[in-house]
Protein chains: 2
Amino acid sequence: MNPQDLLVYLVTDRSLCLGRSLEEVVARAAEGGCTMVQLREKEADTGEFVALARALHKLLKPLSIPLLINDRVDVALAAGVEGVHVGQSDMLPEDVRRLMGPDAIVGLSVETEAELLDAQNRPVDYIGIGPVYPTQTKKDVKGSPWGPDGLRRAVELSSLPLVAIGGVQRDNVKDVAGSGVAGIAVVSAICSAPSPTEATRELVRTMKEGAR
Amino acid sequence: MNPQDLLVYLVTDRSLCLGRSLEEVVARAAEGGCTMVQLREKEADTGEFVALARALHKLLKPLSIPLLINDRVDVALAAGVEGVHVGQSDMLPEDVRRLMGPDAIVGLSVETEAELLDAQNRPVDYIGIGPVYPTQTKKDVKGSPWGPDGLRRAVELSSLPLVAIGGVQRDNVKDVAGSGVAGIAVVSAICSAPSPTEATRELVRTMKEGAR
């Protein structure tokens, strides 16, 4: 994968889209320059999940924005998307890689330094690290938030590109951008923004400036 | 697939195993002659689901008892089991067949006559039809119970083998056996039996007698 695709990575949450459809929010985020999208669904039946994945893929593929599926290799294979993102209690990265093939994008979440170090030897393309800040979106976290200093340390420890997730918003993205991570993954900062296009555009601008 | 494998088909539910492990209950059911097993998990994380599938497969494969996974093609592919069973809101049978390959066993649940007729044109090996009787295990059913007479009518309408599910117990299995279905699928009749071995043995005996 191209590590630049990690710059501003939208992770979806339909419940945070303020009544707008997921397709609508994702289309607006794409317009604003988001570089990758992860479809995350914890309630949908498999049939609906596949249909959603196909709808988003139809929208994103012509724009060359990779679409990943959270947790579900079956949905990713059925919809023919670019990759899968797994957490520590999901399918083992080795199994994901075997089923998805060598060209798929595979990401893995880590929350602790031990998990970060362990992830270095897994067949994944990038690591999602978090939470950066305290967050309401994901409550079952193991460690304390990494913060920009923690991220800087993590970047030194990791040979795989890192995407920072958890509590990243327009107010704090500058600090995150300066930490050396390859990108940020955001949920509410885009899904719940009055204008997902503008919100994404601003995050992209700040991340590009921070990377200099 | 061999339609005789449908004769007494165990569908698992860990919460109904009376504190015994799933491996224990499945091993005892296999001992009693159950002909096929479906691993059904609605709460487990994917990692645990795959581990459970592997554990059951290790136990069943040497006995040549096919193992299917409810809903999840990803778990089936990762564990290398024999097939997948889907419901009406799960992945489309066409997608399941494409991902699982021509040799896999694919089953589809139907609850109404319209679904039964529609299923005839799908790439599946058998149809799970239910509920036969009112049941506590599955509460979100669309139609009224089929009963033995309904099953007899369904058998006439179907060119695919039928497995009757929902409320089948030792007290009523004789009526079901006489309806012409290829087999019964049971959850609590085996999972919650004081002796899963004996319970299975008795169901197998009655089904074989009924089929004469």
# chains A, B, ... in the order shown; residues from 1 in each chain; ligands from 1
call {"tool": "select_by_dssp", "arguments": {"residues": "segment 94-204 of chain A", "states": "strand (DSSP E)", "output": "PyMOL selection string"}}
result
chain A and resi 105-110+126-129+162-165+183-186
call {"tool": "write_last_selection", "arguments": {"atoms": "all heavy atoms", "output": "CSV table (one decimal), in the first residue's frame"}}
result
chain,number,residue,atom,x,y,z
A,105,ILE,N,-4.9,-4.6,1.5
A,105,ILE,CA,-4.4,-3.8,2.6
A,105,ILE,C,-4.9,-4.4,3.8
A,105,ILE,O,-6.1,-4.6,4.0
A,105,ILE,CB,-4.9,-2.4,2.4
A,105,ILE,CG1,-4.5,-1.8,1.0
A,105,ILE,CG2,-4.4,-1.5,3.5
A,105,ILE,CD1,-5.1,-0.4,0.8
A,106,VAL,N,-4.0,-4.7,4.8
A,106,VAL,CA,-4.5,-5.3,6.1
A,106,VAL,C,-3.9,-4.4,7.2
A,106,VAL,O,-2.7,-4.1,7.2
A,106,VAL,CB,-4.0,-6.7,6.3
A,106,VAL,CG1,-4.4,-7.2,7.6
A,106,VAL,CG2,-4.5,-7.6,5.2
A,107,GLY,N,-4.8,-3.9,8.0
A,107,GLY,CA,-4.4,-3.1,9.2
A,107,GLY,C,-4.8,-3.7,10.5
A,107,GLY,O,-5.7,-4.6,10.5
A,108,LEU,N,-4.0,-3.4,11.5
A,108,LEU,CA,-4.2,-4.0,12.8
A,108,LEU,C,-4.2,-2.9,13.9
A,108,LEU,O,-3.4,-2.0,13.9
A,108,LEU,CB,-3.1,-5.0,13.1
A,108,LEU,CG,-3.1,-5.6,14.5
A,108,LEU,CD1,-4.3,-6.5,14.7
A,108,LEU,CD2,-1.7,-6.4,14.7
A,109,SER,N,-5.2,-3.0,14.8
A,109,SER,CA,-5.3,-2.0,15.9
A,109,SER,C,-4.4,-2.4,17.1
A,109,SER,O,-4.4,-3.6,17.5
A,109,SER,CB,-6.7,-1.9,16.5
A,109,SER,OG,-7.6,-1.3,15.5
A,110,VAL,N,-3.7,-1.5,17.7
A,110,VAL,CA,-3.0,-1.7,18.9
A,110,VAL,C,-3.3,-0.6,19.9
A,110,VAL,O,-3.6,0.5,19.5
A,110,VAL,CB,-1.5,-1.8,18.7
A,110,VAL,CG1,-1.1,-2.8,17.7
A,110,VAL,CG2,-0.9,-0.4,18.5
A,126,TYR,N,-0.2,-1.6,7.9
A,126,TYR,CA,-0.1,-0.5,8.8
A,126,TYR,C,-0.7,-0.8,10.2
A,126,TYR,O,-1.4,-1.9,10.3
A,126,TYR,CB,-0.9,0.7,8.2
A,126,TYR,CG,-2.4,0.6,8.3
A,126,TYR,CD1,-3.1,1.0,9.4
A,126,TYR,CD2,-3.1,-0.1,7.3
A,126,TYR,CE1,-4.5,0.8,9.5
A,126,TYR,CE2,-4.5,-0.3,7.3
A,126,TYR,CZ,-5.2,0.2,8.4
A,126,TYR,OH,-6.5,0.0,8.5
A,127,ILE,N,-0.5,0.0,11.1
A,127,ILE,CA,-1.0,-0.2,12.5
A,127,ILE,C,-1.8,1.0,12.9
A,127,ILE,O,-1.4,2.2,12.7
A,127,ILE,CB,0.2,-0.3,13.5
A,127,ILE,CG1,1.0,-1.6,13.1
A,127,ILE,CG2,-0.3,-0.3,14.9
A,127,ILE,CD1,2.3,-1.7,13.9
A,128,GLY,N,-3.0,0.7,13.4
A,128,GLY,CA,-3.9,1.8,13.9
A,128,GLY,C,-3.6,1.9,15.4
A,128,GLY,O,-3.7,0.9,16.1
A,129,ILE,N,-3.1,3.0,15.9
A,129,ILE,CA,-2.7,3.1,17.3
A,129,ILE,C,-3.6,4.1,18.0
A,129,ILE,O,-3.9,5.2,17.5
A,129,ILE,CB,-1.2,3.5,17.4
A,129,ILE,CG1,-0.8,3.5,18.8
A,129,ILE,CG2,-0.9,4.8,16.7
A,129,ILE,CD1,0.8,3.5,19.0
A,162,LEU,N,2.1,4.2,11.1
A,162,LEU,CA,1.1,4.3,12.1
A,162,LEU,C,0.0,5.2,11.7
A,162,LEU,O,0.3,6.3,11.2
A,162,LEU,CB,1.8,4.8,13.4
A,162,LEU,CG,2.9,3.9,14.1
A,162,LEU,CD1,3.3,4.5,15.4
A,162,LEU,CD2,2.4,2.5,14.2
A,163,VAL,N,-1.2,4.9,12.1
A,163,VAL,CA,-2.3,5.8,11.9
A,163,VAL,C,-2.9,6.0,13.3
A,163,VAL,O,-3.2,5.1,14.1
A,163,VAL,CB,-3.5,5.1,11.1
A,163,VAL,CG1,-4.6,6.2,10.9
A,163,VAL,CG2,-3.0,4.7,9.8
A,164,ALA,N,-3.0,7.3,13.7
A,164,ALA,CA,-3.4,7.6,15.1
A,164,ALA,C,-4.9,7.7,15.1
A,164,ALA,O,-5.5,8.4,14.3
A,164,ALA,CB,-2.8,8.9,15.5
A,165,ILE,N,-5.5,7.1,16.1
A,165,ILE,CA,-7.0,7.1,16.2
A,165,ILE,C,-7.4,7.3,17.6
A,165,ILE,O,-6.7,7.0,18.6
A,165,ILE,CB,-7.6,5.8,15.6
A,165,ILE,CG1,-9.2,5.9,15.6
A,165,ILE,CG2,-7.2,4.6,16.4
A,165,ILE,CD1,-9.9,4.9,14.8
A,183,GLY,N,-0.6,9.1,9.5
A,183,GLY,CA,-1.9,9.7,9.3
A,183,GLY,C,-2.8,9.6,10.5
A,183,GLY,O,-2.4,9.1,11.6
A,184,ILE,N,-4.0,10.1,10.4
A,184,ILE,CA,-5.0,10.0,11.4
A,184,ILE,C,-6.2,9.3,10.9
A,184,ILE,O,-6.6,9.3,9.7
A,184,ILE,CB,-5.5,11.4,11.9
A,184,ILE,CG1,-5.9,12.3,10.7
A,184,ILE,CG2,-4.4,12.2,12.7
A,184,ILE,CD1,-6.7,13.6,11.0
A,185,ALA,N,-6.9,8.6,11.8
A,185,ALA,CA,-8.1,7.9,11.5
A,185,ALA,C,-9.2,8.6,12.4
A,185,ALA,O,-9.0,8.8,13.6
A,185,ALA,CB,-8.1,6.4,11.8
A,186,VAL,N,-10.2,9.1,11.8
A,186,VAL,CA,-11.3,9.8,12.5
A,186,VAL,C,-12.6,9.3,12.2
A,186,VAL,O,-12.9,8.8,11.2
A,186,VAL,CB,-11.2,11.3,12.1
A,186,VAL,CG1,-9.9,12.0,12.5
A,186,VAL,CG2,-11.5,11.5,10.7
call {"tool": "closest_atom_pairs", "arguments": {"of": "chain A", "to": "chain B", "cutoff": "10 Å", "atoms": "only C-alpha atoms", "output": "JSON lines"}}
result
{"residue": "A:Ala44", "atom": "CA", "partner": "B:Ser89", "partner_atom": "CA", "distance": 9.5}
{"residue": "A:Asp45", "atom": "CA", "partner": "B:Asp90", "partner_atom": "CA", "distance": 6.0}
{"residue": "A:Thr46", "atom": "CA", "partner": "B:Asp90", "partner_atom": "CA", "distance": 4.6}
{"residue": "A:Gly47", "atom": "CA", "partner": "B:Asp90", "partner_atom": "CA", "distance": 4.4}
{"residue": "A:Glu48", "atom": "CA", "partner": "B:Ser89", "partner_atom": "CA", "distance": 7.3}
{"residue": "A:Phe49", "atom": "CA", "partner": "B:Met91", "partner_atom": "CA", "distance": 8.6}
{"residue": "A:Val50", "atom": "CA", "partner": "B:Met91", "partner_atom": "CA", "distance": 7.1}
{"residue": "A:Ala51", "atom": "CA", "partner": "B:Met91", "partner_atom": "CA", "distance": 9.2}
{"residue": "A:Asp71", "atom": "CA", "partner": "B:Thr46", "partner_atom": "CA", "distance": 7.5}
{"residue": "A:Arg72", "atom": "CA", "partner": "B:Asp74", "partner_atom": "CA", "distance": 6.9}
{"residue": "A:Val73", "atom": "CA", "partner": "B:Asp74", "partner_atom": "CA", "distance": 5.4}
{"residue": "A:Asp74", "atom": "CA", "partner": "B:Asp74", "partner_atom": "CA", "distance": 4.5}
{"residue": "A:Val75", "atom": "CA", "partner": "B:Asp74", "partner_atom": "CA", "distance": 8.1}
{"residue": "A:Ala76", "atom": "CA", "partner": "B:Asp74", "partner_atom": "CA", "distance": 9.3}
{"residue": "A:Leu77", "atom": "CA", "partner": "B:Leu99", "partner_atom": "CA", "distance": 7.5}
{"residue": "A:Ala78", "atom": "CA", "partner": "B:Asp95", "partner_atom": "CA", "distance": 6.1}
{"residue": "A:Ala79", "atom": "CA", "partner": "B:Asp95", "partner_atom": "CA", "distance": 9.1}
{"residue": "A:Val86", "atom": "CA", "partner": "B:Thr46", "partner_atom": "CA", "distance": 9.5}
{"residue": "A:Gly87", "atom": "CA", "partner": "B:Gly47", "partner_atom": "CA", "distance": 9.3}
{"residue": "A:Gln88", "atom": "CA", "partner": "B:Gly47", "partner_atom": "CA", "distance": 8.2}
{"residue": "A:Ser89", "atom": "CA", "partner": "B:Gly47", "partner_atom": "CA", "distance": 5.3}
{"residue": "A:Asp90", "atom": "CA", "partner": "B:Gly47", "partner_atom": "CA", "distance": 4.4}
{"residue": "A:Met91", "atom": "CA", "partner": "B:Gly47", "partner_atom": "CA", "distance": 4.4}
{"residue": "A:Leu92", "atom": "CA", "partner": "B:Gly47", "partner_atom": "CA", "distance": 6.6}
{"residue": "A:Glu94", "atom": "CA", "partner": "B:Ala78", "partner_atom": "CA", "distance": 9.8}
{"residue": "A:Asp95", "atom": "CA", "partner": "B:Ala78", "partner_atom": "CA", "distance": 6.1}
{"residue": "A:Val96", "atom": "CA", "partner": "B:Ala78", "partner_atom": "CA", "distance": 8.0}
{"residue": "A:Arg98", "atom": "CA", "partner": "B:Ala78", "partner_atom": "CA", "distance": 8.5}
{"residue": "A:Leu99", "atom": "CA", "partner": "B:Ala78", "partner_atom": "CA", "distance": 7.2}
call {"tool": "residues_around", "arguments": {"residues": "Arg28 of chain A", "least_positions_apart": "5", "cutoff": "9 Å", "atoms": "only C-alpha atoms", "output": "list in words"}}
result
Glu23, Gly33, Ser195, Pro196, Thr197, Glu198 and Thr200 of chain A
call {"tool": "atom_distance", "arguments": {"atom1": "atom CA of Arg170 of chain A", "atom2": "atom CA of Glu115 of chain A"}}
result
27.7 Å
call {"tool": "select_by_dssp", "arguments": {"residues": "segment 17-210 of chain B", "states": "helix (DSSP H, G or I)", "output": "ChimeraX atom specification"}}
result
/B:22-31,46-63,73-79,93-100,113-119,147-157,173-177,188-191,196-210
call {"tool": "residues_around", "arguments": {"residues": "Glu82 of chain A", "least_positions_apart": "5", "cutoff": "12 Å", "atoms": "only C-alpha atoms", "output": "compact mmCIF listing (two decimals) with C-alpha atoms, in the first residue's frame"}}
result
# COMPACT_ATOMS: atom_id res chain seq x y z
CA MET A 1 0.00 0.00 0.00
CA MET A 36 -8.89 5.99 2.80
CA VAL A 37 -12.20 4.75 4.23
CA GLN A 38 -13.01 1.96 6.69
CA LEU A 39 -16.57 0.68 6.85
CA ALA A 53 -19.82 -2.14 1.31
CA ARG A 54 -20.80 -2.44 -2.35
CA LEU A 56 -19.40 2.65 -0.80
CA HIS A 57 -17.03 0.78 -3.10
CA LEU A 60 -14.84 5.23 -3.91
CA LYS A 61 -13.26 2.95 -6.51
CA SER A 64 -8.98 5.46 -6.25
CA ILE A 65 -9.73 5.80 -2.53
CA PRO A 66 -9.15 2.40 -0.89
CA LEU A 67 -12.07 0.94 1.07
CA LEU A 68 -11.39 -1.37 4.00
CA ILE A 69 -13.88 -3.37 6.06
CA ASN A 70 -13.64 -3.51 9.83
CA VAL A 73 -13.14 -10.71 5.71
CA VAL A 75 -17.86 -8.83 3.65
CA ALA A 76 -14.58 -7.63 2.11
CA LEU A 77 -14.36 -10.66 -0.19
CA MET A 100 -7.37 -11.69 1.39
CA GLY A 101 -4.21 -12.35 -0.61
CA PRO A 102 -0.84 -10.57 -0.81
CA ASP A 103 -2.16 -7.42 -2.52
CA ALA A 104 -4.89 -6.55 -0.02
CA ILE A 105 -4.40 -3.81 2.55
CA VAL A 106 -4.46 -5.26 6.06
CA GLY A 107 -4.43 -3.07 9.17
call {"tool": "atom_distance", "arguments": {"atom1": "atom CA of Ser21 of chain A", "atom2": "atom CA of Leu7 of chain A"}}
result
23.8 Å
call {"tool": "atom_distance", "arguments": {"atom1": "atom CA of Gly130 of chain A", "atom2": "atom CA of Glu24 of chain A"}}
result
27.0 Å
call {"tool": "closest_residue", "arguments": {"among": "A:Ala114, A:Leu52, A:Leu157, A:Ala29", "to": "Ile190 of chain A", "atoms": "only C-alpha atoms"}}
result
A:Ala29
call {"tool": "closest_residue", "arguments": {"among": "B:Leu203, B:Ala193, B:Ala154, B:Cys34", "to": "Ala177 of chain B", "atoms": "only C-alpha atoms"}}
result
B:Leu203
